[in-house]
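> Sharing entry-v5.txt (compact mmCIF, C-alpha atoms) below.
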```txt
# COMPACT_ATOMS: atom_id res chain seq x y z
CA MET A 1 -17.63 -0.10 -7.78
CA ASN A 2 -14.53 0.49 -9.87
CA GLU A 3 -15.47 -0.20 -13.49
CA ALA A 4 -12.53 -2.49 -14.15
CA VAL A 5 -13.50 -4.62 -11.16
CA ARG A 6 -17.08 -4.84 -12.44
CA GLY A 7 -15.71 -6.05 -15.77
CA CYS A 8 -13.80 -8.81 -14.03
CA ASP A 9 -16.99 -9.91 -12.31
CA THR A 10 -19.05 -10.15 -15.48
CA GLU A 11 -17.10 -10.69 -18.67
CA ALA A 12 -14.45 -13.04 -17.31
CA THR A 13 -17.05 -15.75 -16.81
CA GLU A 14 -17.55 -15.98 -20.58
CA GLY A 15 -14.35 -17.91 -21.16
CA GLN A 16 -11.41 -15.54 -21.05
CA PRO A 17 -9.11 -16.43 -18.15
CA TRP A 18 -9.81 -14.18 -15.18
CA ARG A 19 -6.26 -12.95 -14.66
CA ASP A 20 -5.60 -12.26 -18.33
CA HIS A 21 -8.92 -10.48 -18.61
CA CYS A 22 -8.18 -8.20 -15.66
CA ALA A 23 -4.72 -7.42 -17.02
CA THR A 24 -6.34 -6.42 -20.31
CA LEU A 25 -8.77 -4.16 -18.49
CA LEU A 26 -5.91 -2.50 -16.65
CA SER A 27 -4.13 -1.78 -19.90
CA ARG A 28 -7.28 -0.28 -21.38
CA ALA A 29 -7.84 1.76 -18.25
CA SER A 30 -4.45 3.46 -18.47
CA GLY A 31 -6.06 6.30 -20.42
CA ARG A 32 -8.68 6.80 -17.65
CA LEU A 33 -12.24 5.47 -17.67
CA LYS A 34 -14.73 7.67 -19.51
CA THR A 35 -17.68 5.35 -20.22
CA HIS A 36 -20.30 3.39 -18.27
CA GLY A 37 -20.17 5.68 -15.26
CA GLY A 38 -16.47 6.43 -15.58
CA LEU A 39 -16.99 10.16 -14.98
CA HIS A 40 -18.64 9.36 -11.64
CA VAL A 41 -15.75 7.06 -10.74
CA GLU A 42 -13.23 9.76 -11.65
CA LYS A 43 -15.04 12.37 -9.54
CA GLN A 44 -15.15 9.99 -6.59
CA GLN A 45 -11.44 9.29 -6.98
CA ARG A 46 -10.63 13.00 -7.02
CA GLU A 47 -12.61 13.48 -3.82
CA GLN A 48 -10.81 10.56 -2.16
CA ALA A 49 -7.44 11.90 -3.26
CA ALA A 50 -8.26 15.28 -1.74
CA ARG A 51 -9.27 13.60 1.52
CA PHE A 52 -6.06 11.57 1.51
CA ARG A 53 -3.89 14.64 1.01
CA ALA A 54 -5.78 16.45 3.77
CA LEU A 55 -5.06 13.64 6.22
CA HIS A 56 -1.33 14.27 5.79
CA GLU A 57 -1.85 17.93 6.59
CA SER A 58 -4.07 17.53 9.65
CA GLY A 59 -1.68 15.76 12.03
CA VAL A 60 -0.61 12.18 12.64
CA PHE A 61 -2.90 9.37 11.46
CA VAL A 62 -2.74 5.57 11.25
CA ILE A 63 -3.25 3.87 7.89
CA PRO A 64 -3.90 0.12 8.33
CA ASN A 65 -2.63 -2.30 5.69
CA VAL A 66 -5.43 -4.65 4.66
CA TRP A 67 -5.47 -7.76 2.51
CA ASP A 68 -9.06 -8.59 1.50
CA GLY A 69 -12.57 -7.22 1.41
CA ALA A 70 -13.39 -8.19 4.98
CA SER A 71 -10.30 -6.59 6.50
CA ALA A 72 -10.88 -3.45 4.43
CA ALA A 73 -14.52 -3.19 5.49
CA ILE A 74 -13.71 -3.80 9.16
CA MET A 75 -11.00 -1.15 9.28
CA ALA A 76 -13.30 1.39 7.67
CA ARG A 77 -16.14 0.60 10.09
CA LEU A 78 -13.72 1.01 12.99
CA GLY A 79 -13.11 4.58 11.91
CA PHE A 80 -9.81 4.50 10.05
CA LYS A 81 -9.82 7.22 7.41
CA ALA A 82 -7.61 5.60 4.77
CA LEU A 83 -6.39 2.13 3.85
CA ALA A 84 -3.26 0.66 2.32
CA THR A 85 -2.30 -2.65 0.80
CA SER A 86 0.72 -4.68 1.83
CA SER A 87 2.83 -6.45 -0.78
CA ALA A 88 3.60 -9.32 1.60
CA ALA A 89 -0.01 -9.77 2.72
CA CYS A 90 -1.21 -9.55 -0.88
CA ALA A 91 1.29 -12.24 -1.86
CA ALA A 92 0.19 -14.45 1.02
CA THR A 93 -3.44 -14.34 -0.12
CA LEU A 94 -2.20 -15.83 -3.40
CA GLY A 95 -0.04 -18.45 -1.68
CA LYS A 96 3.14 -16.62 -2.64
CA LEU A 97 6.02 -14.90 -0.87
CA ASP A 98 6.65 -11.17 -0.87
CA GLY A 99 8.27 -10.15 -4.13
CA GLU A 100 6.68 -12.96 -6.16
CA VAL A 101 3.50 -11.13 -7.17
CA THR A 102 3.20 -9.68 -10.66
CA ARG A 103 2.12 -6.12 -11.30
CA GLU A 104 -1.21 -7.33 -12.71
CA GLU A 105 -1.88 -9.44 -9.62
CA ALA A 106 -1.01 -6.58 -7.29
CA LEU A 107 -3.27 -4.11 -9.10
CA VAL A 108 -6.21 -6.50 -9.33
CA HIS A 109 -5.81 -7.11 -5.59
CA ALA A 110 -5.74 -3.35 -5.00
CA GLN A 111 -8.88 -2.94 -7.12
CA LEU A 112 -10.68 -5.34 -4.80
CA ILE A 113 -9.82 -3.15 -1.81
CA VAL A 114 -10.93 -0.03 -3.70
CA SER A 115 -14.21 -1.66 -4.74
CA VAL A 116 -15.37 -2.42 -1.18
CA SER A 117 -14.24 0.75 0.58
CA GLU A 118 -15.31 4.37 0.64
CA CYS A 119 -11.91 5.20 2.13
CA PRO A 120 -8.97 6.44 0.07
CA VAL A 121 -6.71 3.49 -0.76
CA ALA A 122 -2.94 3.56 -1.29
CA ALA A 123 -0.90 0.60 -2.49
CA ASP A 124 2.45 -0.94 -1.75
CA LEU A 125 3.85 -0.91 -5.29
CA GLU A 126 7.24 -2.40 -4.31
CA ASN A 127 9.92 -1.14 -6.69
CA GLY A 128 7.37 -0.29 -9.37
CA PHE A 129 7.67 -3.80 -10.82
CA GLY A 130 10.67 -2.93 -12.94
CA HIS A 131 14.05 -1.24 -12.86
CA ALA A 132 13.58 1.36 -15.59
CA PRO A 133 12.06 4.75 -14.71
CA GLU A 134 9.65 4.31 -17.62
CA THR A 135 8.31 1.09 -16.08
CA VAL A 136 7.83 2.81 -12.74
CA ALA A 137 5.88 5.62 -14.42
CA GLU A 138 3.69 3.07 -16.20
CA THR A 139 2.97 1.37 -12.88
CA ILE A 140 1.81 4.68 -11.39
CA ARG A 141 -0.41 5.27 -14.42
CA LEU A 142 -2.03 1.85 -14.05
CA ALA A 143 -2.35 2.27 -10.28
CA THR A 144 -4.28 5.50 -10.81
CA ALA A 145 -6.48 3.79 -13.37
CA ALA A 146 -7.17 1.03 -10.84
CA GLY A 147 -8.76 3.58 -8.52
CA LEU A 148 -5.86 4.09 -6.14
CA VAL A 149 -5.11 7.57 -4.79
CA GLY A 150 -1.65 6.83 -3.46
CA GLY A 151 1.19 4.36 -3.51
CA SER A 152 4.82 3.81 -2.60
CA ILE A 153 7.91 3.19 -4.70
CA GLU A 154 10.99 1.80 -3.00
CA ASP A 155 14.67 1.92 -3.86
CA ALA A 156 15.18 -1.81 -3.23
CA THR A 157 16.11 -3.76 -6.35
CA GLY A 158 14.94 -7.24 -5.39
CA ASP A 159 18.46 -8.51 -6.15
CA PRO A 160 20.27 -9.73 -3.00
CA ARG A 161 23.63 -9.18 -4.70
CA ALA A 162 22.90 -5.45 -5.07
CA PRO A 163 19.83 -4.82 -2.91
CA ILE A 164 19.65 -1.01 -3.22
CA TYR A 165 19.62 1.02 -6.42
CA GLU A 166 22.52 3.36 -6.97
CA PHE A 167 21.69 6.87 -5.78
CA GLU A 168 21.30 8.55 -9.18
CA HIS A 169 19.19 5.73 -10.57
CA ALA A 170 16.98 5.71 -7.46
CA VAL A 171 16.33 9.43 -7.87
CA GLU A 172 15.56 9.02 -11.58
CA ARG A 173 12.97 6.36 -10.75
CA VAL A 174 11.25 8.57 -8.15
CA THR A 175 11.34 11.53 -10.54
CA ALA A 176 9.56 9.48 -13.22
CA ALA A 177 6.98 8.33 -10.66
CA VAL A 178 6.38 11.91 -9.50
CA GLU A 179 5.91 13.20 -13.03
CA GLU A 180 3.28 10.55 -13.72
CA SER A 181 1.58 10.78 -10.32
CA HIS A 182 1.07 14.54 -10.57
CA ARG A 183 -0.17 14.36 -14.15
CA GLU A 184 -3.69 13.31 -13.16
CA PRO A 185 -6.22 15.85 -11.84
CA SER A 186 -6.62 13.75 -8.68
CA HIS A 187 -2.92 14.14 -7.79
CA PHE A 188 -1.90 10.61 -6.80
CA VAL A 189 -0.03 10.83 -3.47
CA LEU A 190 3.41 9.33 -4.06
CA THR A 191 5.44 7.90 -1.20
CA ALA A 192 9.16 7.37 -1.82
CA ARG A 193 10.87 4.73 0.29
CA ALA A 194 14.55 4.43 1.24
CA GLU A 195 15.09 0.76 2.12
CA ASN A 196 18.63 0.72 3.54
CA PHE A 197 17.66 -0.50 7.01
CA LEU A 198 15.69 -3.47 5.65
CA HIS A 199 18.61 -4.69 3.54
CA GLY A 200 21.62 -4.76 5.83
CA ARG A 201 22.67 -1.16 5.19
CA PRO A 202 21.97 0.72 8.44
CA ASP A 203 23.42 3.96 7.09
CA LEU A 204 21.30 6.80 8.47
CA ASP A 205 23.24 9.52 6.63
CA ASP A 206 22.72 7.83 3.26
CA THR A 207 19.07 7.20 4.10
CA VAL A 208 18.52 10.89 4.88
CA ARG A 209 20.41 11.88 1.72
CA ARG A 210 18.15 9.66 -0.37
CA LEU A 211 14.97 10.90 1.27
CA GLN A 212 16.01 14.51 0.78
CA ALA A 213 16.67 13.83 -2.90
CA PHE A 214 13.30 12.10 -3.25
CA GLU A 215 11.65 15.08 -1.57
CA GLN A 216 13.39 17.47 -3.95
CA ALA A 217 12.21 15.29 -6.86
CA GLY A 218 8.63 15.96 -5.73
CA ALA A 219 7.60 12.94 -3.65
CA ASP A 220 4.63 13.74 -1.42
CA VAL A 221 5.54 11.45 1.50
CA LEU A 222 8.91 10.06 2.61
CA PHE A 223 9.44 6.68 4.26
CA ALA A 224 12.44 4.80 5.66
CA PRO A 225 11.19 1.46 7.00
CA GLY A 226 13.18 -0.22 9.76
CA LEU A 227 14.49 2.83 11.61
CA PRO A 228 15.99 1.45 14.83
CA ASP A 229 14.95 4.01 17.45
CA LEU A 230 13.13 7.27 18.07
CA ALA A 231 16.35 9.24 17.77
CA ALA A 232 16.71 8.03 14.18
CA VAL A 233 13.05 8.87 13.55
CA ARG A 234 13.62 12.41 14.83
CA THR A 235 16.71 12.77 12.65
CA VAL A 236 14.76 11.77 9.54
CA CYS A 237 11.76 13.96 10.31
CA SER A 238 13.85 17.03 11.13
CA ALA A 239 15.76 16.67 7.85
CA LEU A 240 12.59 16.78 5.73
CA LYS A 241 9.76 19.23 5.04
CA LYS A 242 7.25 16.74 3.59
CA PRO A 243 5.24 14.26 5.71
CA VAL A 244 7.10 11.20 6.97
CA ASN A 245 5.59 7.72 7.24
CA PHE A 246 6.68 5.29 9.96
CA MET A 247 6.13 1.53 9.74
CA ILE A 248 4.80 -0.49 12.68
CA GLY A 249 5.38 -4.24 12.72
CA MET A 250 8.96 -4.86 13.86
CA ARG A 251 9.51 -6.10 17.39
CA GLY A 252 11.19 -3.59 19.67
CA THR A 253 10.68 -0.65 17.30
CA SER A 254 6.89 -0.32 17.09
CA PHE A 255 6.57 2.88 19.06
CA ALA A 256 3.35 4.45 20.36
CA VAL A 257 1.43 6.97 18.29
CA ALA A 258 2.13 9.78 20.78
CA ASP A 259 5.89 9.11 20.70
CA LEU A 260 5.99 9.02 16.91
CA ALA A 261 3.94 12.21 16.67
CA ALA A 262 6.35 13.94 19.05
CA ALA A 263 9.24 12.80 16.82
CA GLY A 264 7.60 14.44 13.79
CA VAL A 265 5.86 11.51 12.08
CA ARG A 266 2.65 12.33 10.19
CA ARG A 267 1.53 8.89 8.99
CA ILE A 268 1.83 5.46 10.61
CA SER A 269 1.42 2.33 8.48
CA LEU A 270 1.07 -1.17 9.89
CA SER A 271 2.91 -3.29 7.33
CA THR A 272 1.83 -6.95 7.61
CA SER A 273 1.20 -6.74 11.36
CA LEU A 274 -2.60 -7.01 11.18
CA TYR A 275 -2.38 -9.89 8.70
CA ARG A 276 0.13 -11.68 10.91
CA ALA A 277 -2.08 -11.07 13.94
CA ALA A 278 -4.96 -12.74 12.08
CA MET A 279 -2.71 -15.63 11.05
CA THR A 280 -1.55 -15.98 14.66
CA GLY A 281 -5.16 -16.72 15.63
CA LEU A 282 -5.50 -19.17 12.74
CA LEU A 283 -2.32 -21.01 13.70
CA SER A 284 -3.33 -21.19 17.36
CA ALA A 285 -6.71 -22.71 16.50
CA ALA A 286 -5.21 -25.12 13.97
CA HIS A 287 -2.57 -26.33 16.46
CA GLU A 288 -5.25 -26.95 19.08
CA ILE A 289 -7.26 -29.03 16.64
CA SER A 290 -4.36 -31.03 15.22
CA GLU A 291 -2.44 -31.57 18.46
CA ARG A 292 -5.17 -31.88 21.11
CA GLY A 293 -8.33 -32.64 19.20
CA THR A 294 -10.22 -29.90 21.04
CA PHE A 295 -12.05 -26.79 19.87
CA SER A 296 -11.92 -24.36 22.77
CA TYR A 297 -11.04 -21.52 20.41
CA VAL A 298 -14.69 -21.28 19.35
CA GLU A 299 -15.56 -19.93 22.81
CA SER A 300 -13.64 -16.68 22.23
CA ILE A 301 -13.91 -15.98 18.51
CA VAL A 302 -16.10 -13.27 17.04
CA SER A 303 -19.61 -14.47 16.23
CA GLY A 304 -20.93 -14.56 12.71
CA GLY A 305 -23.53 -11.95 13.61
CA GLU A 306 -20.98 -9.57 15.09
CA LEU A 307 -18.69 -9.98 12.11
CA GLY A 308 -21.63 -9.32 9.83
CA GLN A 309 -22.22 -5.99 11.55
CA TYR A 310 -18.76 -4.88 10.44
CA LEU A 311 -19.26 -6.13 6.90
CA ARG A 312 -22.75 -4.67 6.42
CA PRO A 313 -22.59 -1.26 4.72
CA PRO A 314 -23.55 1.61 7.05
CA THR A 315 -27.08 2.93 6.61
```
Let me see the structure of the file written as structure tokens.


Amino acid sequence: MNEAVRGCDTEATEGQPWRDHCATLLSRASGRLKTHGGLHVEKQQREQAARFRALHESGVFVIPNVWDGASAAIMARLGFKALATSSAACAATLGKLDGEVTREEALVHAQLIVSVSECPVAADLENGFGHAPETVAETIRLATAAGLVGGSIEDATGDPRAPIYEFEHAVERVTAAVEESHREPSHFVLTARAENFLHGRPDLDDTVRRLQAFEQAGADVLFAPGLPDLAAVRTVCSALKKPVNFMIGMRGTSFAVADLAAAGVRRISLSTSLYRAAMTGLLSAAHEISERGTFSYVESIVSGGELGQYLRPPT
């Protein structure tokens, strides 16, 4: 288990508020853990980082976005080789909307996923939780200390009046993230995201220009969520040398693995689609109960014993 997570489990019960305590642990961990088994944790993290990098070099793979311990354990038992968080799914577990989660909340959530999985874990780090390049670098440092081996930084500002960072500033932010991510021996795998298509700016030329600049700055993976068709995917992939991530989850543009591989994609993330699929089942059952007073959904749900098989650690 990640040492900072263990600290949350034990010391926080002695009176210090749980969230404040975990934030304090994250700050302390920014220099890397060296005590109470920290060397073992660091070695394990290096091994996971190496496995994560190798996945990007071995062909296309799917990285599911999970939101709690159960979803993380199930995806690992089903054979997925790496896991990712989702900012929107993380926020939903806290009863919030995407973009409302603090950096501390996001990293504590990511630590939970790390603590229950032997898989490499990457995180959706939004815009790095701040505009300044220095803040982005600090976020990468804390993400590494939290046990993560990868994460994404986007060029979306969070401000609807100016939703995308100016080009030069966007590149400066990625450059700062790269410098911090490659500082550690484990080599944190940094994904740089160009968000034009999610924010009413369907400019493929500008998107490619940004991704090429992020690649030149040293980003390990490039990502333009919301690409409208396979032709756009091919254009992006052919313009870059580093691995490209494609996001599943949007209706009409969630293409098959084989088609994305043929277009040049190396990694396929699932955004909030698995979380929304789970919530679809919840809503269906709740509507049946509240509107009809029946419980037919129990006839088709997974049994407790079967679910337990996924959650039980492999022997």

> Give me, as number ranges by chain, all polymer residues having an atom no more than 7 Å from A:Asp220, counting all atoms listed in the file and skipping those fewer than 3 positions away in the same chain.

A: 189-191, 242

> By how many Å are atom CA of A:His109 and atom CA of A:Cys90 apart?

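Spanning atom CA of A:His109 to atom CA of A:Cys90 is a straight-line distance of 7.0 Å.
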
> Measure the distance from atom CA of A:Val116 to atom CA of A:Ala88 in Å and round it to one decimal.

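Separation of atom CA of A:Val116 and atom CA of A:Ala88: 20.4 Å.
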
> Select, counting only C-alpha atoms, all protein, DNA and RNA residues no farther than 9 Å from (-11.0, -16.1, 18.9) in file coordinates, and express the selection as a ChimeraX atom specification.

/A:281-282,285,297-302

> Grab the atom CA of A:Glu168 to atom CA of A:Ser86 distance for me, in Å with one decimal place.

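Taking atom CA of A:Glu168 and atom CA of A:Ser86, their separation equals 26.8 Å.
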
> I'd like to know which of A:Ala122, A:Val149, A:Phe223, A:Ala239 is closest to A:Asp205, using only C-alpha atoms.

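Of all the options, A:Ala239 lies closest to A:Asp205.
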
> Pick out the closest residue to A:Thr144 from this set: A:Leu204, A:Ala84, A:Arg51, A:Glu42. Count only C-alpha atoms.

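The shortest atom-to-atom distance to A:Thr144 comes from A:Glu42.
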
> Which centre and which edge lengths, in Å to one decimal, describe the axis-aligned box that holds all listed atoms of stretch 256-260 of chain A after 6 Å is added on each side, as lines of an AutoDock Vina configuration file?


```
center_x = 3.7
center_y = 7.1
center_z = 18.8
size_x = 16.6
size_y = 17.3
size_z = 15.9
```

> Considering only C-alpha atoms, can you say which of A:Thr235, A:Thr157, A:Thr85, A:Thr175 comes closest to A:Thr207?

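Looking at the shortest contact to A:Thr207, the residue is A:Thr235.
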
> Restricting the calculation to only C-alpha atoms, which member of A:Gln212, A:Gln45, A:Pro202, A:Gly151 is positioned closest to A:Val171?

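Under the stated criterion, the closest residue is A:Gln212.
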
> Name the closest residue to A:Pro228 among the candidates A:Gly252, A:Gly264, A:Gly95, A:Gly308; distances are taken between atoms, counting all atoms listed in the file.

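Once distances to A:Pro228 are computed over all atoms listed in the file, the minimum belongs to A:Gly252.
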
> Kindly indicate which residue among A:Arg210, A:Arg103, A:His287, A:Arg46 lies nearest to A:Val236, using only C-alpha atoms for the distances.

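Closest residue, counting only C-alpha atoms: A:Arg210.
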
> Compile the contact shell of A:Leu274 as JSON, numbers by chain: residues with an atom at most 12 Å away, counting all atoms listed in the file, same-chain residues fewer than 4 positions apart removed.

{"A": [63, 64, 65, 66, 67, 68, 71, 72, 74, 75, 84, 85, 86, 88, 89, 248, 249, 269, 270, 278, 279, 280, 281]}

> Just write the chosen residues, C-alpha atoms, as a short mmCIF file (atom, residue, chain, number, x, y, z; two decimals), in the coordinates of the input.


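Saved the output as selection-v2.cif:
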```cif
data_model
loop_
_atom_site.label_atom_id
_atom_site.label_comp_id
_atom_site.auth_asym_id
_atom_site.auth_seq_id
_atom_site.Cartn_x
_atom_site.Cartn_y
_atom_site.Cartn_z
CA ILE A 63 -3.25 3.87 7.89
CA PRO A 64 -3.90 0.12 8.33
CA ASN A 65 -2.63 -2.30 5.69
CA VAL A 66 -5.43 -4.65 4.66
CA TRP A 67 -5.47 -7.76 2.51
CA ASP A 68 -9.06 -8.59 1.50
CA SER A 71 -10.30 -6.59 6.50
CA ALA A 72 -10.88 -3.45 4.43
CA ILE A 74 -13.71 -3.80 9.16
CA MET A 75 -11.00 -1.15 9.28
CA ALA A 84 -3.26 0.66 2.32
CA THR A 85 -2.30 -2.65 0.80
CA SER A 86 0.72 -4.68 1.83
CA ALA A 88 3.60 -9.32 1.60
CA ALA A 89 -0.01 -9.77 2.72
CA ILE A 248 4.80 -0.49 12.68
CA GLY A 249 5.38 -4.24 12.72
CA SER A 269 1.42 2.33 8.48
CA LEU A 270 1.07 -1.17 9.89
CA ALA A 278 -4.96 -12.74 12.08
CA MET A 279 -2.71 -15.63 11.05
CA THR A 280 -1.55 -15.98 14.66
CA GLY A 281 -5.16 -16.72 15.63
#
```

> Using all atoms listed in the file, which residues sit within 7 Å of A:Asp98 once same-chain residues fewer than 2 positions away are excluded, as a count of residues only?

5

> Which polymer residues, protein or nucleic acid, are no farther than 6 Å from (18.3, 0.5, -0.8), counting only C-alpha atoms, as an MDAnalysis selection string?

chainID A and resid 155:156 163:165 194:196

> Go through stretch 43-72 of chain A residue by residue and, counting all atoms listed in the file, keep those with an atom at most 10 Å from stretch 179-187 of chain A; for each kept residue give the shortest atom pair and its distance in Å to one decimal, ordered by chain and increasing number, as a tab-separated table.


```
residue	atom	partner	partner_atom	distance
A:Lys43	CA	A:Ser186	CA	8.6
A:Gln44	CA	A:Ser186	CA	9.6
A:Gln45	CA	A:Ser186	CA	6.8
A:Arg46	CA	A:Ser186	CA	4.4
A:Glu47	CA	A:Ser186	CA	7.7
A:Gln48	CA	A:Ser186	CA	8.4
A:Ala49	CA	A:Ser186	CA	5.8
A:Ala50	CA	A:Ser186	CA	7.3
A:Arg53	CA	A:His187	CA	8.9
```

> Restrict the calculation to all atoms listed in the file, then for each residue of stretch 144-201 of chain A with any atom at most 6 Å from an atom of stretch 123-135 of chain A give the closest atom pair and their distance in Å to one decimal, rows by chain and rising residue number, as CSV.


```
residue,atom,partner,partner_atom,distance
A:Gly151,CA,A:Ala123,CA,4.4
A:Ser152,CA,A:Asp124,CA,5.4
A:Ile153,CA,A:Asn127,CA,5.2
A:Glu154,CA,A:Asn127,CA,4.8
A:Arg173,CA,A:Pro133,CA,4.4
A:Ala176,CA,A:Pro133,CA,5.6
```

> Could you rebuild stretch 157-174 of chain A with N, CA, C and O atoms and give it back as a PDB file, keeping the file's coordinate frame?


```
ATOM      1  N   THR A 157      16.067  -3.188  -5.008  1.00  0.00           N
ATOM      2  CA  THR A 157      16.110  -3.760  -6.350  1.00  0.00           C
ATOM      3  C   THR A 157      15.446  -5.124  -6.455  1.00  0.00           C
ATOM      4  O   THR A 157      15.064  -5.547  -7.546  1.00  0.00           O
ATOM      5  N   GLY A 158      15.371  -5.855  -5.339  1.00  0.00           N
ATOM      6  CA  GLY A 158      14.940  -7.240  -5.390  1.00  0.00           C
ATOM      7  C   GLY A 158      16.067  -8.203  -5.690  1.00  0.00           C
ATOM      8  O   GLY A 158      15.859  -9.419  -5.735  1.00  0.00           O
ATOM      9  N   ASP A 159      17.271  -7.696  -5.863  1.00  0.00           N
ATOM     10  CA  ASP A 159      18.460  -8.510  -6.150  1.00  0.00           C
ATOM     11  C   ASP A 159      19.334  -8.537  -4.906  1.00  0.00           C
ATOM     12  O   ASP A 159      19.913  -7.506  -4.544  1.00  0.00           O
ATOM     13  N   PRO A 160      19.472  -9.685  -4.231  1.00  0.00           N
ATOM     14  CA  PRO A 160      20.270  -9.730  -3.000  1.00  0.00           C
ATOM     15  C   PRO A 160      21.745  -9.395  -3.211  1.00  0.00           C
ATOM     16  O   PRO A 160      22.437  -9.006  -2.272  1.00  0.00           O
ATOM     17  N   ARG A 161      22.222  -9.509  -4.435  1.00  0.00           N
ATOM     18  CA  ARG A 161      23.630  -9.180  -4.700  1.00  0.00           C
ATOM     19  C   ARG A 161      23.857  -7.668  -4.710  1.00  0.00           C
ATOM     20  O   ARG A 161      24.961  -7.203  -4.418  1.00  0.00           O
ATOM     21  N   ALA A 162      22.839  -6.920  -5.060  1.00  0.00           N
ATOM     22  CA  ALA A 162      22.900  -5.450  -5.070  1.00  0.00           C
ATOM     23  C   ALA A 162      21.523  -4.955  -4.661  1.00  0.00           C
ATOM     24  O   ALA A 162      20.717  -4.550  -5.500  1.00  0.00           O
ATOM     25  N   PRO A 163      21.215  -4.988  -3.368  1.00  0.00           N
ATOM     26  CA  PRO A 163      19.830  -4.820  -2.910  1.00  0.00           C
ATOM     27  C   PRO A 163      19.254  -3.410  -3.056  1.00  0.00           C
ATOM     28  O   PRO A 163      18.033  -3.245  -3.058  1.00  0.00           O
ATOM     29  N   ILE A 164      20.116  -2.394  -3.164  1.00  0.00           N
ATOM     30  CA  ILE A 164      19.650  -1.010  -3.220  1.00  0.00           C
ATOM     31  C   ILE A 164      20.131  -0.362  -4.516  1.00  0.00           C
ATOM     32  O   ILE A 164      21.304  -0.488  -4.889  1.00  0.00           O
ATOM     33  N   TYR A 165      19.231   0.326  -5.193  1.00  0.00           N
ATOM     34  CA  TYR A 165      19.620   1.020  -6.420  1.00  0.00           C
ATOM     35  C   TYR A 165      20.673   2.078  -6.127  1.00  0.00           C
ATOM     36  O   TYR A 165      20.658   2.723  -5.069  1.00  0.00           O
ATOM     37  N   GLU A 166      21.564   2.279  -7.072  1.00  0.00           N
ATOM     38  CA  GLU A 166      22.520   3.360  -6.970  1.00  0.00           C
ATOM     39  C   GLU A 166      21.770   4.691  -6.836  1.00  0.00           C
ATOM     40  O   GLU A 166      20.660   4.846  -7.358  1.00  0.00           O
ATOM     41  N   PHE A 167      22.374   5.628  -6.151  1.00  0.00           N
ATOM     42  CA  PHE A 167      21.690   6.870  -5.780  1.00  0.00           C
ATOM     43  C   PHE A 167      21.050   7.561  -6.975  1.00  0.00           C
ATOM     44  O   PHE A 167      19.856   7.889  -6.954  1.00  0.00           O
ATOM     45  N   GLU A 168      21.817   7.795  -8.041  1.00  0.00           N
ATOM     46  CA  GLU A 168      21.300   8.550  -9.180  1.00  0.00           C
ATOM     47  C   GLU A 168      20.135   7.817  -9.830  1.00  0.00           C
ATOM     48  O   GLU A 168      19.126   8.441 -10.217  1.00  0.00           O
ATOM     49  N   HIS A 169      20.259   6.498  -9.950  1.00  0.00           N
ATOM     50  CA  HIS A 169      19.190   5.730 -10.570  1.00  0.00           C
ATOM     51  C   HIS A 169      17.935   5.747  -9.701  1.00  0.00           C
ATOM     52  O   HIS A 169      16.806   5.856 -10.214  1.00  0.00           O
ATOM     53  N   ALA A 170      18.116   5.657  -8.389  1.00  0.00           N
ATOM     54  CA  ALA A 170      16.980   5.710  -7.460  1.00  0.00           C
ATOM     55  C   ALA A 170      16.228   7.029  -7.612  1.00  0.00           C
ATOM     56  O   ALA A 170      14.987   7.054  -7.629  1.00  0.00           O
ATOM     57  N   VAL A 171      16.965   8.116  -7.734  1.00  0.00           N
ATOM     58  CA  VAL A 171      16.330   9.430  -7.870  1.00  0.00           C
ATOM     59  C   VAL A 171      15.614   9.533  -9.220  1.00  0.00           C
ATOM     60  O   VAL A 171      14.504  10.079  -9.309  1.00  0.00           O
ATOM     61  N   GLU A 172      16.201   8.993 -10.267  1.00  0.00           N
ATOM     62  CA  GLU A 172      15.560   9.020 -11.580  1.00  0.00           C
ATOM     63  C   GLU A 172      14.225   8.272 -11.552  1.00  0.00           C
ATOM     64  O   GLU A 172      13.241   8.704 -12.159  1.00  0.00           O
ATOM     65  N   ARG A 173      14.190   7.167 -10.839  1.00  0.00           N
ATOM     66  CA  ARG A 173      12.970   6.360 -10.750  1.00  0.00           C
ATOM     67  C   ARG A 173      11.867   7.134 -10.009  1.00  0.00           C
ATOM     68  O   ARG A 173      10.701   7.146 -10.427  1.00  0.00           O
ATOM     69  N   VAL A 174      12.240   7.782  -8.908  1.00  0.00           N
ATOM     70  CA  VAL A 174      11.250   8.570  -8.150  1.00  0.00           C
ATOM     71  C   VAL A 174      10.784   9.757  -8.986  1.00  0.00           C
ATOM     72  O   VAL A 174       9.591  10.089  -8.999  1.00  0.00           O
TER      73      VAL A 174
END
```
